[in-house]
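Participant: Next up is a structure, given as structure tokens.
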Amino acid sequence: MRHLLVWTLAAAAALVAAPTAPAAVPAPAATGRADCPRLSGTWYGDNRARLQQVIDAHGTCAGRPRDNRPVAAFDWDNTITKNDVTDATLDWALTHDRLLRPARWKDTSAWLTTDADEALTAACGSGAGTPLRTSANPRCADEILQIRENGTTVSGVPAFAGTWDHRRTVPQYAWVPQLFAGRTPAELSSYARRARESALAAPVGSVQRVGTRTVPAYVRYYDQQRDLIRTLQRAGFDVYIVSAGSEPVTEVWSRGVGVDARHTLAIRSVLDRHGRITTRNEGCGGVPASRGDAIPYIDGKRCWINQEIYGVRGAAAWQRQDARHRPVIAGGDADTDVTFVGDATGAHLVLNRNKSELMCRAYDDADGRWVVNPMFIEPLPRRPDDYPCATTAYNAPDGGRGPVRRPDGSVVPDRTDTVY
């Protein structure tokens with residue numbers, strides 16, 4: 001989801017707390033080898049050294065055989081890149097009339113409200129299977145973007161209603177692949193490649209007009225994250241991407257950091273007998289294919305990692321596994337990533353985007369292995385107020401909010417933003 005909100009700062013002068021002492025991270029093996037892959041680039045504080053310790057302790061330089069490869073897993077949008085590549089692809093599709101009009105907008109999502117169905121029909125017209133002329137119809141583009149970004153219509157009424165597990169899915173994330181129903185994965189990949197070309201050519205900080213809305217025009221790979229992935233691969237790690245975006249789109253971008261399609265996990269659309277995208281997504285952890293009940297989102301990311309990487313089937317895929325069946329390093333930037341990042345056994349890498357549940361876990365640093373870094377491009381300023389860890393930072397399955405708790409049940413106290 002695109003987030004353009006930037007915290008305003010009345011008083012920026014504050015002491016930056018040092019990251020947790022590296023002693024909490026497993027010590028590197030004393031190999032003495034000069035050819036062990038090394039991280040480069042500029043990181044906050046001693047974060048690079050802390051990550052290097054984990055790589056040295058768990059990779060081939062520690063004597064681990066190459067047929068017993070440790071796993072590293074990363075979110076994609078705003079973790080490996082600055083800005084959201086699924087949004088960039090949707091923006092490109094809207095400005096180039098690549099979406100097909102559904103027979104009924106309600107068919108696109110199990111949770112789309114009657115109000116949203118009527119708003120989309122009024123804005124976008126009728127005629128199943130015909131291209132939406134969104135490049136010349138800003139009203140239609142605006143309605144689609146508003147629902148995607150905020151889950152409401154342009155008039156402000158809820159676009160989705162009903163019951164879903166809020167730690168397994170969110171309707172507007174599942175909705176983006178559903179908007180491409182009728183297209184083939186190859187066609188969607190071609191749109192993603194065109195969007196990628198445009199976004200990488202646009203200057204950092206640039207914006208564009210889609211409908212009547214102003215949205216980011218650029219995406220950039222983070223050099224530090226590209227280097228981290230390359231270093232991990234050279235050290236014998238299997239590196240995976242796990243994203244709540246569309247899988248064909250994420251695959252186009254992940255190739256740019258040397259991660260192939262087999263190592264890219266995202267929302268997988270069910271195809272019809274002609275090989276075209278449908279409004280159904282593949283399921284996980286015993287949840288069958290549906291219109292979005294179990295996507296890689298919060299606990300869903302753990303499920304997809306357990307199922308696709310470690311071969312855990314059925315309901316067990318939703319549970320934390322033993323240390324041998326969890327990533328050594330995991331990284332993310334938002335509450336959507338908090339579960340699988342917390343599962344990592346060696347280092348939990350967090351890019352600070354002021355997301356409350358994730359940052360509460362990171363700043364609580366219960367195991368001494370949380371590594372917090374500002375965004376590498378256009379980092380956010382310090383959050384002016386504390387994270388509400390003790391009251392409303394936790395995203396409950398029923399959609400409510402509650403306190404963030406440690407494994408022993410104790411409540412995490414409110415935390416101050418110190419890495420920015």
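Residues in the structure tokens are numbered from 1 in each chain, the chains being A, B, ... in the order shown, and ligands are numbered from 1 in the order shown.
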Could you name the residues that touch Trp175 of chain A at 9 Å or less, counting only C-alpha atoms, but leaving out those on the same chain fewer than 3 positions away, as a PDB file with N, CA, C and O atoms, in the first residue's frame?
Facilitator:
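In the end it all went to part06.pdb:
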ATOM      1  N   THR A 108     -15.359  -9.199  -8.333  1.00  0.00           N
ATOM      2  CA  THR A 108     -13.913  -9.078  -8.162  1.00  0.00           C
ATOM      3  C   THR A 108     -13.451  -9.388  -6.752  1.00  0.00           C
ATOM      4  O   THR A 108     -12.286  -9.749  -6.541  1.00  0.00           O
ATOM      5  N   SER A 109     -14.305  -9.243  -5.760  1.00  0.00           N
ATOM      6  CA  SER A 109     -13.908  -9.478  -4.369  1.00  0.00           C
ATOM      7  C   SER A 109     -15.086 -10.027  -3.585  1.00  0.00           C
ATOM      8  O   SER A 109     -16.224  -9.570  -3.762  1.00  0.00           O
ATOM      9  N   ARG A 148      -8.240   0.823  -3.583  1.00  0.00           N
ATOM     10  CA  ARG A 148      -6.964   0.124  -3.367  1.00  0.00           C
ATOM     11  C   ARG A 148      -6.204   0.693  -2.176  1.00  0.00           C
ATOM     12  O   ARG A 148      -5.701  -0.048  -1.331  1.00  0.00           O
ATOM     13  N   VAL A 170      -6.070  -8.914   3.719  1.00  0.00           N
ATOM     14  CA  VAL A 170      -6.721  -7.609   3.712  1.00  0.00           C
ATOM     15  C   VAL A 170      -7.315  -7.447   2.307  1.00  0.00           C
ATOM     16  O   VAL A 170      -6.611  -7.658   1.309  1.00  0.00           O
ATOM     17  N   PRO A 171      -8.606  -7.162   2.201  1.00  0.00           N
ATOM     18  CA  PRO A 171      -9.266  -7.226   0.895  1.00  0.00           C
ATOM     19  C   PRO A 171      -8.631  -6.373  -0.188  1.00  0.00           C
ATOM     20  O   PRO A 171      -8.539  -6.816  -1.343  1.00  0.00           O
ATOM     21  N   GLN A 172      -8.183  -5.152   0.147  1.00  0.00           N
ATOM     22  CA  GLN A 172      -7.672  -4.313  -0.937  1.00  0.00           C
ATOM     23  C   GLN A 172      -6.312  -4.778  -1.451  1.00  0.00           C
ATOM     24  O   GLN A 172      -5.938  -4.458  -2.579  1.00  0.00           O
ATOM     25  N   GLN A 178      -6.858  -9.372  -8.540  1.00  0.00           N
ATOM     26  CA  GLN A 178      -8.208  -9.619  -9.041  1.00  0.00           C
ATOM     27  C   GLN A 178      -8.612  -8.616 -10.115  1.00  0.00           C
ATOM     28  O   GLN A 178      -9.401  -8.929 -11.013  1.00  0.00           O
ATOM     29  N   LEU A 179      -8.050  -7.415 -10.047  1.00  0.00           N
ATOM     30  CA  LEU A 179      -8.332  -6.411 -11.071  1.00  0.00           C
ATOM     31  C   LEU A 179      -7.780  -6.811 -12.436  1.00  0.00           C
ATOM     32  O   LEU A 179      -8.237  -6.306 -13.471  1.00  0.00           O
ATOM     33  N   THR A 279     -10.330 -14.254 -10.405  1.00  0.00           N
ATOM     34  CA  THR A 279     -10.436 -13.485  -9.160  1.00  0.00           C
ATOM     35  C   THR A 279     -10.163 -14.349  -7.935  1.00  0.00           C
ATOM     36  O   THR A 279     -10.321 -13.896  -6.816  1.00  0.00           O
ATOM     37  N   ARG A 291     -11.235 -16.240  -2.829  1.00  0.00           N
ATOM     38  CA  ARG A 291     -11.046 -14.879  -3.340  1.00  0.00           C
ATOM     39  C   ARG A 291     -10.254 -14.038  -2.337  1.00  0.00           C
ATOM     40  O   ARG A 291     -10.516 -12.859  -2.140  1.00  0.00           O
ATOM     41  N   GLY A 292      -9.254 -14.673  -1.720  1.00  0.00           N
ATOM     42  CA  GLY A 292      -8.307 -13.897  -0.919  1.00  0.00           C
ATOM     43  C   GLY A 292      -8.278 -14.187   0.558  1.00  0.00           C
ATOM     44  O   GLY A 292      -7.809 -13.354   1.329  1.00  0.00           O
TER      45      GLY A 292
END
Participant: With a distance cut-off of 12 Å and only C-alpha atoms, select the neighbouring residues of Gly331 of chain A, excluding the residue or stretch itself and same-chain residues fewer than 3 positions from it, and output the selection as number ranges by chain.
Facilitator: A: 51, 71-80, 225, 228-229, 239-243, 301, 327-328, 334-352, 358, 362, 369-373
Participant: Which residue is closest to Glu282 of chain A? Choose from A:Ala261, A:Pro177, A:Ala323, A:Trp318 and count only C-alpha atoms.
Facilitator: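 Among the listed residues, the smallest separation from Glu282 of chain A belongs to A:Pro177.
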Participant: Compare A:Leu380, A:Leu100, A:Val411, A:Ala122 by their minimum atom-to-atom distance to Thr184 of chain A, counting only C-alpha atoms, and give me the closest one.
Facilitator: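 Closest residue, counting only C-alpha atoms: A:Leu100.
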Participant: So how many Å separate atom CA of Arg183 of chain A and atom CA of Ser126 of chain A, to one decimal?
Facilitator: 18.0 Å
Participant: Using DSSP on the backbone coordinates, identify all residues within segment 377-406 of chain A classified as strand (DSSP E or B); present the result as a list of chain:residue names.
Facilitator: A:Tyr387, A:Tyr394, A:Asn395, A:Arg401, A:Gly402, A:Arg405
Participant: Write out the residues from the selection above, keeping N, CA, C and O atoms, as a PDB file, in the first residue's frame.
Facilitator:
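Final file, result-v4.pdb:
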ATOM      1  N   TYR A 387       5.143   4.951  20.276  1.00  0.00           N
ATOM      2  CA  TYR A 387       4.304   3.894  19.702  1.00  0.00           C
ATOM      3  C   TYR A 387       3.397   3.346  20.795  1.00  0.00           C
ATOM      4  O   TYR A 387       3.850   3.052  21.908  1.00  0.00           O
ATOM      5  N   TYR A 394      -1.285  -3.684  18.421  1.00  0.00           N
ATOM      6  CA  TYR A 394      -1.470  -5.041  17.904  1.00  0.00           C
ATOM      7  C   TYR A 394      -2.679  -5.119  16.983  1.00  0.00           C
ATOM      8  O   TYR A 394      -3.758  -4.589  17.300  1.00  0.00           O
ATOM      9  N   ASN A 395      -2.496  -5.779  15.850  1.00  0.00           N
ATOM     10  CA  ASN A 395      -3.575  -6.003  14.882  1.00  0.00           C
ATOM     11  C   ASN A 395      -4.245  -7.337  15.189  1.00  0.00           C
ATOM     12  O   ASN A 395      -3.681  -8.402  14.922  1.00  0.00           O
ATOM     13  N   ARG A 401      -7.993  -3.649  17.824  1.00  0.00           N
ATOM     14  CA  ARG A 401      -6.624  -3.273  18.213  1.00  0.00           C
ATOM     15  C   ARG A 401      -6.415  -3.623  19.679  1.00  0.00           C
ATOM     16  O   ARG A 401      -7.358  -3.608  20.472  1.00  0.00           O
ATOM     17  N   GLY A 402      -5.188  -3.950  20.016  1.00  0.00           N
ATOM     18  CA  GLY A 402      -4.896  -4.320  21.385  1.00  0.00           C
ATOM     19  C   GLY A 402      -3.433  -4.126  21.711  1.00  0.00           C
ATOM     20  O   GLY A 402      -2.648  -3.635  20.881  1.00  0.00           O
ATOM     21  N   ARG A 405       2.016  -8.120  23.032  1.00  0.00           N
ATOM     22  CA  ARG A 405       2.450  -8.955  24.155  1.00  0.00           C
ATOM     23  C   ARG A 405       3.667  -9.790  23.770  1.00  0.00           C
ATOM     24  O   ARG A 405       3.802 -10.250  22.652  1.00  0.00           O
TER      25      ARG A 405
END
Participant: If we count only C-alpha atoms, what is near Tyr222 of chain A at a cut-off of 7 Å, once residues fewer than 4 positions away on the same chain are taken out, given as a list in words?
Facilitator: Ile80, Thr81, Lys82, Arg226 and Phe376 of chain A
Participant: Restrict the selected residues to N, CA and C atoms and save them as a PDB file, in the first residue's frame.
Facilitator:
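This went into selection_2.pdb:
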ATOM      1  N   ILE A  80      13.068  -3.956  -0.009  1.00  0.00           N
ATOM      2  CA  ILE A  80      14.134  -4.091  -1.004  1.00  0.00           C
ATOM      3  C   ILE A  80      14.124  -2.899  -1.956  1.00  0.00           C
ATOM      4  N   THR A  81      12.947  -2.342  -2.187  1.00  0.00           N
ATOM      5  CA  THR A  81      12.838  -1.142  -3.015  1.00  0.00           C
ATOM      6  C   THR A  81      12.220  -0.007  -2.213  1.00  0.00           C
ATOM      7  N   LYS A  82      12.506   1.186  -2.640  1.00  0.00           N
ATOM      8  CA  LYS A  82      11.772   2.358  -2.179  1.00  0.00           C
ATOM      9  C   LYS A  82      10.555   2.498  -3.091  1.00  0.00           C
ATOM     10  N   ARG A 226      20.389  -4.809  -2.057  1.00  0.00           N
ATOM     11  CA  ARG A 226      20.902  -5.606  -3.171  1.00  0.00           C
ATOM     12  C   ARG A 226      22.230  -6.261  -2.767  1.00  0.00           C
ATOM     13  N   PHE A 376      16.667   3.736   3.409  1.00  0.00           N
ATOM     14  CA  PHE A 376      17.915   4.182   2.788  1.00  0.00           C
ATOM     15  C   PHE A 376      17.713   5.374   1.855  1.00  0.00           C
TER      16      PHE A 376
END
